[in-house]
$ cat protein24.cif   # mmCIF, C-alpha atoms and all ligand atoms
data_target
#
loop_
_atom_site.label_atom_id
_atom_site.label_comp_id
_atom_site.auth_asym_id
_atom_site.auth_seq_id
_atom_site.Cartn_x
_atom_site.Cartn_y
_atom_site.Cartn_z
CA MET W 1 7.80 18.62 -11.25
CA ILE W 2 9.23 15.67 -9.33
CA LYS W 3 10.58 13.16 -11.86
CA VAL W 4 9.49 9.67 -10.79
CA ALA W 5 10.60 6.30 -12.19
CA VAL W 6 8.76 3.09 -11.35
CA ASN W 7 11.13 0.13 -11.29
CA GLY W 8 8.80 -2.88 -11.61
CA TYR W 9 5.60 -2.17 -13.51
CA GLY W 10 3.41 -4.90 -11.98
CA THR W 11 0.38 -4.96 -9.65
CA ILE W 12 1.65 -2.13 -7.44
CA GLY W 13 3.93 -0.38 -9.93
CA LYS W 14 1.27 0.19 -12.58
CA ARG W 15 -1.07 1.69 -9.99
CA VAL W 16 1.67 3.91 -8.56
CA ALA W 17 2.52 5.10 -12.08
CA ASP W 18 -1.09 6.15 -12.77
CA ALA W 19 -1.43 7.81 -9.35
CA VAL W 20 1.85 9.72 -9.84
CA ALA W 21 0.85 10.79 -13.36
CA ALA W 22 -2.39 12.23 -11.89
CA GLN W 23 -0.52 14.48 -9.39
CA PRO W 24 -0.06 18.18 -10.18
CA ASP W 25 3.56 18.18 -8.96
CA MET W 26 4.91 14.87 -10.31
CA GLU W 27 5.60 13.18 -13.62
CA ILE W 28 6.47 9.64 -14.72
CA ILE W 29 9.75 9.56 -16.62
CA GLY W 30 9.81 5.79 -17.07
CA VAL W 31 8.65 2.37 -15.93
CA SER W 32 10.39 -1.00 -16.16
CA LYS W 33 9.71 -4.64 -17.01
CA THR W 34 11.84 -7.72 -17.59
CA LYS W 35 9.74 -9.30 -20.33
CA PRO W 36 7.16 -8.16 -22.87
CA GLY W 37 3.54 -8.84 -21.93
CA ALA W 38 0.16 -7.24 -21.32
CA GLU W 39 1.50 -4.71 -18.81
CA ALA W 40 4.18 -3.57 -21.28
CA PHE W 41 1.42 -2.88 -23.82
CA VAL W 42 -0.50 -0.91 -21.17
CA ALA W 43 2.62 1.19 -20.43
CA LYS W 44 2.91 1.90 -24.15
CA GLN W 45 -0.76 2.88 -24.36
CA ARG W 46 -0.34 5.21 -21.33
CA GLY W 47 2.72 6.82 -22.95
CA TYR W 48 5.16 5.79 -20.19
CA PRO W 49 8.68 5.26 -21.57
CA LEU W 50 9.56 1.59 -21.00
CA TYR W 51 12.97 0.55 -19.71
CA ILE W 52 14.19 -3.01 -19.23
CA ALA W 53 16.31 -4.66 -16.55
CA ASP W 54 18.43 -6.67 -19.02
CA ILE W 55 19.16 -4.61 -22.14
CA THR W 56 20.22 -7.74 -24.06
CA LYS W 57 16.49 -8.63 -24.12
CA LYS W 58 15.65 -5.48 -26.12
CA GLU W 59 14.99 -7.44 -29.30
CA ASN W 60 12.28 -9.55 -27.59
CA PHE W 61 10.36 -6.37 -26.80
CA GLU W 62 10.86 -4.82 -30.24
CA LYS W 63 9.71 -8.03 -31.95
CA ALA W 64 6.50 -7.72 -29.91
CA GLY W 65 6.07 -4.14 -31.13
CA ILE W 66 7.13 -2.48 -27.86
CA GLN W 67 9.73 0.27 -28.05
CA VAL W 68 12.47 0.18 -25.40
CA ALA W 69 13.74 3.52 -24.11
CA GLY W 70 16.86 2.02 -22.50
CA SER W 71 18.12 0.08 -19.51
CA VAL W 72 16.93 0.42 -15.90
CA ALA W 73 20.26 2.14 -15.17
CA ASP W 74 19.43 4.73 -17.87
CA MET W 75 15.99 5.25 -16.30
CA ILE W 76 17.40 5.73 -12.80
CA GLN W 77 19.76 8.45 -14.01
CA LYS W 78 16.83 10.45 -15.44
CA ALA W 79 14.76 10.30 -12.22
CA ASP W 80 14.69 12.37 -9.04
CA ILE W 81 13.18 9.44 -7.15
CA ILE W 82 12.62 5.76 -7.91
CA VAL W 83 9.69 3.71 -6.64
CA ASP W 84 10.97 0.14 -6.49
CA ALA W 85 7.97 -2.14 -7.00
CA THR W 86 9.88 -5.21 -8.12
CA PRO W 87 8.83 -8.52 -6.51
CA GLY W 88 9.61 -8.90 -2.78
CA GLY W 89 13.29 -9.68 -2.26
CA VAL W 90 14.37 -8.36 -5.67
CA GLY W 91 14.28 -4.69 -4.67
CA GLU W 92 16.97 -5.13 -2.03
CA GLY W 93 19.52 -5.86 -4.77
CA ASN W 94 18.69 -2.60 -6.54
CA ARG W 95 19.89 -0.46 -3.64
CA VAL W 96 23.46 -0.42 -5.02
CA LEU W 97 22.16 1.15 -8.24
CA TYR W 98 20.27 3.89 -6.38
CA GLU W 99 23.34 4.57 -4.25
CA LYS W 100 25.63 4.58 -7.29
CA TYR W 101 23.61 7.34 -8.95
CA GLY W 102 22.87 9.19 -5.69
CA LYS W 103 19.08 8.87 -6.10
CA LYS W 104 16.22 8.73 -3.64
CA ALA W 105 14.30 5.44 -3.57
CA ILE W 106 11.15 3.96 -2.03
CA TRP W 107 10.70 0.22 -1.56
CA GLN W 108 7.48 -1.69 -0.88
CA GLY W 109 6.49 -4.00 1.98
CA GLY W 110 7.91 -7.17 0.41
CA GLU W 111 11.34 -5.87 1.45
CA ASP W 112 12.58 -5.82 5.02
CA HIS W 113 12.68 -2.61 7.05
CA GLU W 114 16.51 -2.72 6.91
CA VAL W 115 16.60 -2.15 3.13
CA ALA W 116 15.77 1.51 3.75
CA GLY W 117 16.20 1.81 7.52
CA PHE W 118 12.97 3.81 7.64
CA SER W 119 9.37 2.57 7.27
CA PHE W 120 6.59 4.94 6.25
CA ASN W 121 2.88 5.55 6.71
CA SER W 122 1.38 8.92 5.72
CA SER W 123 -0.90 9.29 8.75
CA CYS W 124 1.74 8.20 11.27
CA ASN W 125 5.20 9.52 10.42
CA TYR W 126 5.04 11.74 7.31
CA THR W 127 7.32 14.44 8.69
CA GLU W 128 10.08 11.92 9.49
CA ALA W 129 10.31 11.16 5.75
CA ILE W 130 10.98 14.76 4.74
CA GLY W 131 14.26 14.91 2.84
CA LYS W 132 15.13 11.20 3.40
CA GLN W 133 17.08 9.34 0.68
CA PHE W 134 15.51 5.93 1.33
CA ALA W 135 12.16 4.76 2.68
CA ARG W 136 9.98 1.66 2.68
CA VAL W 137 6.19 1.90 2.46
CA VAL W 138 4.95 -0.86 4.76
CA SER W 139 2.90 -3.76 3.38
CA CYS W 140 -0.78 -3.48 2.57
CA ASN W 141 -2.01 -5.13 5.76
CA THR W 142 0.46 -3.18 7.87
CA THR W 143 -0.68 0.06 6.21
CA GLY W 144 -4.30 -0.75 7.09
CA LEU W 145 -3.33 -1.55 10.67
CA CYS W 146 -1.18 1.57 11.12
CA ARG W 147 -3.96 3.91 9.94
CA ILE W 148 -6.57 2.75 12.44
CA ILE W 149 -4.25 1.95 15.36
CA ASN W 150 -2.56 5.37 15.25
CA LEU W 151 -5.93 7.12 15.13
CA ILE W 152 -7.28 5.24 18.14
CA ASP W 153 -4.00 5.54 20.03
CA SER W 154 -3.95 9.33 19.52
CA ALA W 155 -7.48 9.65 20.91
CA PHE W 156 -7.69 7.10 23.74
CA GLY W 157 -4.26 5.49 24.10
CA VAL W 158 -3.80 1.85 23.10
CA LYS W 159 -2.62 -0.59 25.76
CA LYS W 160 -2.52 -3.65 23.51
CA VAL W 161 -3.56 -4.68 19.98
CA ARG W 162 -4.46 -8.20 18.91
CA ALA W 163 -5.18 -8.69 15.21
CA THR W 164 -5.81 -11.62 12.90
CA MET W 165 -5.37 -11.21 9.16
CA VAL W 166 -7.33 -13.41 6.76
CA ARG W 167 -5.13 -12.88 3.72
CA ARG W 168 -6.09 -13.31 0.08
CA GLY W 169 -4.15 -16.12 -1.63
CA GLY W 170 -2.92 -14.05 -4.58
CA ASP W 171 -3.92 -11.07 -6.69
CA PRO W 172 -6.62 -11.57 -9.37
CA GLY W 173 -4.03 -11.86 -12.15
CA ASP W 174 -1.75 -14.25 -10.24
CA VAL W 175 -2.83 -17.49 -11.93
CA LYS W 176 0.00 -19.50 -10.40
CA ARG W 177 -0.80 -18.62 -6.76
CA GLY W 178 -2.92 -20.54 -4.29
CA PRO W 179 -4.22 -22.18 -2.19
CA ILE W 180 -7.10 -23.60 -4.25
CA ASP W 181 -8.71 -25.53 -1.41
CA ALA W 182 -7.14 -24.90 1.97
CA ILE W 183 -6.79 -22.47 4.84
CA VAL W 184 -3.06 -22.06 5.22
CA LEU W 185 -1.53 -20.78 8.45
CA ASN W 186 0.81 -18.09 7.15
CA PRO W 187 2.87 -18.31 9.22
CA VAL W 188 2.00 -21.09 11.65
CA THR W 189 4.06 -19.23 14.27
CA ILE W 190 2.90 -16.19 16.22
CA PRO W 191 3.40 -13.31 15.59
CA SER W 192 3.07 -12.85 11.84
CA HIS W 193 5.32 -10.18 10.32
CA HIS W 194 2.56 -7.57 10.58
CA GLY W 195 3.00 -6.84 14.33
CA PRO W 196 6.75 -6.13 14.15
CA ASP W 197 6.08 -4.21 10.92
CA VAL W 198 3.54 -1.98 12.68
CA GLN W 199 6.21 -1.34 15.30
CA SER W 200 8.64 -0.25 12.56
CA VAL W 201 6.28 2.73 12.10
CA LEU W 202 4.70 2.96 15.57
CA PRO W 203 7.42 1.70 17.94
CA ASN W 204 5.38 2.25 21.11
CA ILE W 205 2.44 0.06 20.12
CA ASN W 206 2.11 -3.27 21.92
CA ILE W 207 0.74 -5.63 19.26
CA VAL W 208 0.43 -9.33 18.49
CA THR W 209 -0.71 -10.47 15.04
CA SER W 210 -1.53 -13.77 13.38
CA ALA W 211 -2.33 -14.53 9.74
CA MET W 212 -3.72 -17.20 7.45
CA ILE W 213 -4.30 -17.28 3.70
CA VAL W 214 -7.53 -18.38 2.04
CA PRO W 215 -8.58 -19.15 -1.56
CA THR W 216 -9.71 -15.67 -2.63
CA THR W 217 -8.08 -12.85 -4.61
CA LEU W 218 -10.12 -9.73 -3.94
CA MET W 219 -9.12 -8.38 -0.53
CA HIS W 220 -7.77 -9.21 2.90
CA MET W 221 -9.99 -9.13 6.04
CA HIS W 222 -8.83 -8.15 9.54
CA PHE W 223 -10.36 -8.94 12.91
CA LEU W 224 -8.93 -6.33 15.23
CA ASN W 225 -9.09 -5.92 19.02
CA MET W 226 -7.62 -2.89 20.78
CA GLU W 227 -7.43 -2.66 24.55
CA LEU W 228 -7.65 1.06 25.32
CA LYS W 229 -5.98 3.06 28.06
CA ASN W 230 -8.97 5.39 28.43
CA PRO W 231 -12.68 4.65 27.94
CA ALA W 232 -14.33 5.26 24.57
CA THR W 233 -17.78 4.92 23.10
CA LYS W 234 -18.73 3.35 19.79
CA GLU W 235 -20.07 6.72 18.67
CA GLN W 236 -16.77 8.47 19.44
CA VAL W 237 -14.85 5.85 17.46
CA ILE W 238 -17.21 6.26 14.50
CA GLU W 239 -16.80 10.05 14.51
CA LEU W 240 -13.00 9.70 14.54
CA ILE W 241 -13.11 7.28 11.61
CA LYS W 242 -15.40 9.61 9.66
CA ALA W 243 -12.87 12.43 10.08
CA HIS W 244 -10.00 10.35 8.60
CA SER W 245 -9.79 10.63 4.83
CA ARG W 246 -8.33 7.13 4.36
CA LEU W 247 -10.69 5.22 6.61
CA GLY W 248 -13.89 4.16 4.89
CA LEU W 249 -17.02 3.21 6.77
CA ILE W 250 -19.33 0.54 5.39
CA GLU W 251 -22.89 1.29 6.47
CA LYS W 252 -25.48 -1.40 7.25
CA SER W 253 -27.77 0.19 4.64
CA THR W 254 -25.42 -0.86 1.81
CA GLY W 255 -26.03 -4.49 2.70
CA ILE W 256 -22.31 -5.15 2.25
CA THR W 257 -20.97 -7.89 4.54
CA SER W 258 -18.19 -9.35 2.37
CA THR W 259 -15.09 -8.47 0.35
CA ALA W 260 -16.90 -9.50 -2.85
CA GLU W 261 -19.72 -7.01 -2.38
CA LEU W 262 -17.25 -4.33 -1.31
CA LYS W 263 -15.12 -4.84 -4.42
CA GLU W 264 -18.26 -4.68 -6.56
CA TYR W 265 -19.19 -1.40 -4.82
CA ALA W 266 -15.75 0.08 -5.61
CA CYS W 267 -16.16 -0.98 -9.25
CA ASP W 268 -19.65 0.54 -9.42
CA LEU W 269 -18.29 3.78 -7.95
CA LEU W 270 -16.07 3.78 -11.07
CA ARG W 271 -12.87 3.71 -9.07
CA PRO W 272 -9.94 2.99 -11.45
CA ARG W 273 -9.43 -0.81 -11.51
CA GLY W 274 -12.08 -0.98 -8.74
CA ASP W 275 -9.42 0.18 -6.29
CA LEU W 276 -10.30 0.75 -2.63
CA TRP W 277 -7.44 2.93 -1.37
CA GLU W 278 -9.03 3.38 2.07
CA ASN W 279 -9.62 0.81 4.83
CA GLY W 280 -13.11 -0.69 4.56
CA ILE W 281 -14.30 -0.67 8.17
CA PHE W 282 -17.61 -2.40 8.82
CA LYS W 283 -19.54 0.12 10.93
CA GLU W 284 -21.77 -2.51 12.51
CA SER W 285 -18.73 -4.47 13.71
CA ILE W 286 -17.40 -1.55 15.78
CA SER W 287 -18.00 -2.57 19.38
CA VAL W 288 -16.67 -1.20 22.64
CA LEU W 289 -17.12 -3.68 25.47
CA GLU W 290 -16.58 -2.73 29.11
CA GLY W 291 -15.56 0.79 28.04
CA THR W 292 -12.01 -0.04 26.93
CA ASP W 293 -12.22 -3.15 24.74
CA LEU W 294 -12.60 -2.12 21.07
CA TYR W 295 -13.36 -4.62 18.28
CA LEU W 296 -13.87 -4.21 14.53
CA PHE W 297 -13.63 -5.91 11.14
CA GLN W 298 -11.89 -4.14 8.28
CA ALA W 299 -11.31 -5.10 4.66
CA ILE W 300 -8.04 -4.11 3.01
CA HIS W 301 -7.65 -3.97 -0.77
CA GLN W 302 -4.10 -5.25 -1.10
CA GLU W 303 -3.51 -3.80 -4.57
CA ALA W 304 -4.56 -0.28 -3.66
CA ASP W 305 -3.97 1.05 -0.14
CA VAL W 306 -0.17 1.38 -0.40
CA VAL W 307 -0.44 3.35 -3.66
CA VAL W 308 -1.61 6.63 -2.12
CA GLU W 309 0.89 6.20 0.73
CA THR W 310 3.68 5.85 -1.83
CA VAL W 311 2.65 9.10 -3.50
CA ASP W 312 2.81 10.94 -0.14
CA CYS W 313 6.17 9.35 0.58
CA ILE W 314 7.53 10.70 -2.72
CA ARG W 315 6.30 14.20 -1.82
CA ALA W 316 7.81 14.05 1.68
CA MET W 317 11.17 12.78 0.47
CA ALA W 318 11.25 15.47 -2.22
CA GLY W 319 10.55 18.04 0.53
CA ARG W 320 7.58 19.49 -1.33
CA CYS W 321 4.93 19.46 1.44
CA GLN W 322 5.80 19.99 5.08
CA THR W 323 2.67 18.38 6.57
CA ALA W 324 0.90 15.08 6.08
CA SER W 325 -2.50 16.70 5.81
CA GLU W 326 -1.37 18.93 2.95
CA SER W 327 0.12 16.04 0.97
CA ILE W 328 -2.75 13.64 1.70
CA ALA W 329 -5.26 16.25 0.47
CA ILE W 330 -3.37 16.73 -2.82
CA THR W 331 -2.93 12.99 -3.36
CA ASN W 332 -6.54 12.14 -2.56
CA LYS W 333 -7.93 14.87 -4.82
CA ALA W 334 -5.68 13.89 -7.73
CA VAL W 335 -6.66 10.20 -7.68
CA GLY W 336 -10.31 10.84 -6.76
CA LEU W 337 -10.26 9.39 -3.26
CA THR W 338 -13.24 10.35 -1.13
CA ALA W 339 -13.55 7.68 1.54
CA ILE W 340 -16.71 5.58 1.36
CA ARG W 341 -19.31 6.41 4.00
N1 LIG Z 401 0.37 -7.27 -4.76
C1 LIG Z 401 0.10 -6.89 -3.53
O1 LIG Z 401 -0.94 -7.23 -2.99
C2 LIG Z 401 1.04 -6.04 -2.77
C3 LIG Z 401 2.39 -6.05 -3.00
N2 LIG Z 401 3.22 -5.29 -2.22
C4 LIG Z 401 4.65 -5.31 -2.45
O2 LIG Z 401 4.93 -4.56 -3.64
C5 LIG Z 401 6.08 -5.10 -4.29
C6 LIG Z 401 5.69 -5.45 -5.71
O3 LIG Z 401 4.71 -6.47 -5.67
P1 LIG Z 401 3.72 -6.72 -6.88
O4 LIG Z 401 3.38 -5.45 -7.57
O5 LIG Z 401 2.62 -7.56 -6.35
O6 LIG Z 401 4.64 -7.60 -7.83
P2 LIG Z 401 4.35 -8.03 -9.33
O7 LIG Z 401 4.98 -9.36 -9.49
O8 LIG Z 401 2.92 -7.86 -9.67
O9 LIG Z 401 5.15 -6.96 -10.19
C7 LIG Z 401 6.53 -6.88 -10.16
C8 LIG Z 401 7.03 -6.20 -11.42
O10 LIG Z 401 8.43 -6.06 -11.34
C9 LIG Z 401 9.01 -6.41 -12.60
N3 LIG Z 401 10.36 -6.91 -12.34
C10 LIG Z 401 10.73 -8.12 -11.90
N4 LIG Z 401 12.06 -8.16 -11.73
C11 LIG Z 401 12.53 -6.94 -12.09
C12 LIG Z 401 13.83 -6.37 -12.15
N5 LIG Z 401 14.91 -7.06 -11.78
N6 LIG Z 401 13.94 -5.09 -12.57
C13 LIG Z 401 12.86 -4.40 -12.94
N7 LIG Z 401 11.60 -4.89 -12.91
C14 LIG Z 401 11.45 -6.15 -12.48
C15 LIG Z 401 8.09 -7.44 -13.17
O11 LIG Z 401 8.21 -7.41 -14.57
P3 LIG Z 401 8.07 -8.73 -15.47
O12 LIG Z 401 6.69 -9.25 -15.24
O13 LIG Z 401 8.30 -8.22 -16.84
O14 LIG Z 401 9.13 -9.66 -14.96
C16 LIG Z 401 6.73 -6.93 -12.71
O15 LIG Z 401 6.23 -6.01 -13.64
C17 LIG Z 401 6.54 -6.27 -3.41
O16 LIG Z 401 7.46 -5.78 -2.47
C18 LIG Z 401 5.26 -6.67 -2.68
O17 LIG Z 401 5.48 -7.35 -1.49
C19 LIG Z 401 2.74 -4.43 -1.26
C20 LIG Z 401 1.40 -4.36 -1.03
C21 LIG Z 401 0.46 -5.20 -1.72
O1 LIG Z 402 1.64 -6.76 1.44
C1 LIG Z 402 0.86 -7.69 1.28
O2 LIG Z 402 0.46 -8.51 2.28
P1 LIG Z 402 0.99 -8.50 3.78
O3 LIG Z 402 0.65 -7.16 4.37
O4 LIG Z 402 0.24 -9.58 4.46
O5 LIG Z 402 2.48 -8.74 3.73
C2 LIG Z 402 0.42 -8.03 -0.09
O6 LIG Z 402 -0.87 -8.55 -0.10
C3 LIG Z 402 1.42 -8.95 -0.75
O7 LIG Z 402 1.26 -10.19 -0.21
P2 LIG Z 402 1.97 -11.48 -0.85
O8 LIG Z 402 3.34 -11.54 -0.24
O9 LIG Z 402 1.09 -12.61 -0.45
O10 LIG Z 402 1.99 -11.28 -2.36
#

$ encode --input "protein24.cif" --output "structure tokens"
Amino acid sequence: MIKVAVNGYGTIGKRVADAVAAQPDMEIIGVSKTKPGAEAFVAKQRGYPLYIADITKKENFEKAGIQVAGSVADMIQKADIIVDATPGGVGEGNRVLYEKYGKKAIWQGGEDHEVAGFSFNSSCNYTEAIGKQFARVVSCNTTGLCRIINLIDSAFGVKKVRATMVRRGGDPGDVKRGPIDAIVLNPVTIPSHHGPDVQSVLPNINIVTSAMIVPTTLMHMHFLNMELKNPATKEQVIELIKAHSRLGLIEKSTGITSTAELKEYACDLLRPRGDLWENGIFKESISVLEGTDLYLFQAIHQEADVVVETVDCIRAMAGRCQTASESIAITNKAVGLTAIR
């Protein structure tokens, strides 16, 4: 069993912990927090040993009835691999600890590519991660972009991508985030970080991205245009998407035309936490104009899509599966991911 520690048991970390615990070849040896709170109680209920960043705060946890297994340094020493899901910018500082104990580590998209020197997406560059000490799973929007762009590029060749991200303001539990009543250009400059981030995984893709944030928490929405090198039909694109286990297709018959209805659908399907791990591509939006100009809308559940990628990244770095398809199949089965159709 691959011994996994999750450093930062928040929105992403708690999902990664549950996904790892569901895998046949992995186990959670610990998760970490800085302060007691609802997530610490959930870790206790799940049976995950809880470690804390500052051991002098141990009493605060114990007073709240939460047992502390030790410090984050103690947790790291017990693990084969650490998933760093601390807030963006914090994880960078943890690299010295992972180096000190000679451990493998995976960061999330809030950190820069340079923190690991290698950026990962299961469908695009799984084999490059095999045996690596450090990797970064790209951000949620970048993950959603990489999945569909790589698929279309492999089939038809992509001359240029233009994509606009309508980003959710914060996650549902982030009560301090906004905006409450604004559309914020984020950033006002072009490109947003997503284009260069896609190129950290797919260096040959010509892409320009822009992004804004809006007052919603459920999901992001992308408007994507790909100029193709070779002609395609809408039907061919749909068949390719259907064959990809992490690309979901939202049919007209569902009546779903929004992130709200899509999130409700995921909840009704009894997905854990209503998580949509796959891209939610609106089938009706798929249009090929003049043979080589592809357009589509896709919804991306920010809390979920990177979780399954992180599990594959663990497996690749541990050298347990030699192909992406093998790892993706194990991960999907363990969490219960069958892409929506
Ligand atoms: N949320 C999202 O939509 C997505 C986030 N990401 C990326 O994932 C990473 C994590 O983000 P997210 O899960 O949203 O963040 P959260 O703020 O939800 O969770 C972060 C967790 O890290 C803990 N933490 C904070 N500082 C430390 C520390 N020094 N040592 C150990 N644990 C610490 C926090 O504990 P406590 O509360 O006790 O302080 C909290 O549990 C970021 O890089 C982010 O950019 C990627 C894709 C989507
Ligand atoms: O990875 C994400 O978005 P991104 O792909 O736009 O960077 C997550 O939604 C985190 O975004 P945040 O930095 O607004 O918390």

$ atom_distance --input "protein24.cif" --atom1 "atom CA of Thr310 of chain W" --atom2 "atom CA of Pro215 of chain W"
27.8 Å

$ residues_near_ligand --input "protein24.cif" --ligand "ligand LIG 401 (chain Z)" --cutoff "9 Å" --atoms "all atoms listed in the file" --output "PyMOL selection string"
chain W and resi 6-15+31-37+39-40+51-54+72+84-91+93-94+107-111+137-141+143+168+170-171+173-174+219+301-307

$ residues_around --input "protein24.cif" --residues "Lys104 of chain W" --least-positions-apart "2" --cutoff "9 Å" --atoms "all atoms listed in the file" --output "list of chain:residue names"
W:Ala79, W:Asp80, W:Ile81, W:Ile82, W:Val83, W:Tyr98, W:Glu99, W:Gly102, W:Ile106, W:Lys132, W:Gln133, W:Phe134, W:Ala135, W:Ile314, W:Met317, W:Ala318

$ closest_residue --input "protein24.cif" --among "W:Met221, W:Asp197, W:Pro187, W:Ala155" --to "Glu114 of chain W" --atoms "all atoms listed in the file"
W:Asp197

$ closest_residue --input "protein24.cif" --among "W:Ala22, W:Leu269, W:Leu296, W:Ile286" --to "Thr338 of chain W" --atoms "all atoms listed in the file"
W:Leu269

$ residues_near_point --input "protein24.cif" --point "(5.3, 2.7, -23.2)" --cutoff "9 Å" --atoms "only C-alpha atoms" --output "list in words"
Gly30, Val31, Ala40, Phe41, Val42, Ala43, Lys44, Gln45, Arg46, Gly47, Tyr48, Pro49, Leu50, Tyr51, Ile66, Gln67, Val68 and Ala69 of chain W

$ closest_residue --input "protein24.cif" --among "W:Lys242, W:Arg177, W:Lys229, W:His220" --to "Ile148 of chain W" --atoms "only C-alpha atoms"
W:Lys242

$ atom_distance --input "protein24.cif" --atom1 "atom CA of Gln322 of chain W" --atom2 "atom CA of Ile205 of chain W"
25.2 Å

$ closest_residue --input "protein24.cif" --among "W:Asp112, W:Ala163, W:Leu151, W:Val214" --to "Gly178 of chain W" --atoms "only C-alpha atoms"
W:Val214

$ residues_around --input "protein24.cif" --residues "Ser287 of chain W" --least-positions-apart "6" --cutoff "12 Å" --atoms "all atoms listed in the file" --output "PyMOL selection string"
chain W and resi 223-227+232-238+281+293-297

$ closest_residue --input "protein24.cif" --among "W:Thr331, W:Ser253, W:Glu62, W:Pro231" --to "Leu289 of chain W" --atoms "all atoms listed in the file"
W:Pro231

$ closest_residue --input "protein24.cif" --among "W:Lys176, W:Arg95, W:Arg147, W:Lys63" --to "Val201 of chain W" --atoms "all atoms listed in the file"
W:Arg147

$ residues_around --input "protein24.cif" --residues "Arg320 of chain W" --least-positions-apart "2" --cutoff "10 Å" --atoms "all atoms listed in the file" --output "list of chain:residue names"
W:Met1, W:Ile2, W:Asp25, W:Ile130, W:Gly131, W:Asp312, W:Ile314, W:Arg315, W:Ala316, W:Met317, W:Ala318, W:Gln322, W:Thr323, W:Glu326, W:Ser327

$ write_last_selection --input "protein24.cif" --atoms "C-alpha atoms" --output "PDB file, keeping the file's coordinate frame"
ATOM      1  CA  MET W   1       7.800  18.620 -11.250  1.00  0.00           C
ATOM      2  CA  ILE W   2       9.230  15.670  -9.330  1.00  0.00           C
ATOM      3  CA  ASP W  25       3.560  18.180  -8.960  1.00  0.00           C
ATOM      4  CA  ILE W 130      10.980  14.760   4.740  1.00  0.00           C
ATOM      5  CA  GLY W 131      14.260  14.910   2.840  1.00  0.00           C
ATOM      6  CA  ASP W 312       2.810  10.940  -0.140  1.00  0.00           C
ATOM      7  CA  ILE W 314       7.530  10.700  -2.720  1.00  0.00           C
ATOM      8  CA  ARG W 315       6.300  14.200  -1.820  1.00  0.00           C
ATOM      9  CA  ALA W 316       7.810  14.050   1.680  1.00  0.00           C
ATOM     10  CA  MET W 317      11.170  12.780   0.470  1.00  0.00           C
ATOM     11  CA  ALA W 318      11.250  15.470  -2.220  1.00  0.00           C
ATOM     12  CA  GLN W 322       5.800  19.990   5.080  1.00  0.00           C
ATOM     13  CA  THR W 323       2.670  18.380   6.570  1.00  0.00           C
ATOM     14  CA  GLU W 326      -1.370  18.930   2.950  1.00  0.00           C
ATOM     15  CA  SER W 327       0.120  16.040   0.970  1.00  0.00           C
TER      16      SER W 327
END

$ atom_distance --input "protein24.cif" --atom1 "atom CA of Met75 of chain W" --atom2 "atom CA of Ala129 of chain W"
23.5 Å

$ axis_aligned_box --input "protein24.cif" --around "segment 83-102 of chain W" --padding-each-side "8 Å" --output "JSON"
{"center_x": 16.8, "center_y": -0.2, "center_z": -5.5, "size_x": 33.7, "size_y": 34.9, "size_z": 22.9}

$ residues_near_point --input "protein24.cif" --point "(-10.4, -1.7, -6.6)" --cutoff "9 Å" --atoms "all atoms listed in the file" --output "PyMOL selection string"
chain W and resi 218+263-267+271-277+301+303-304
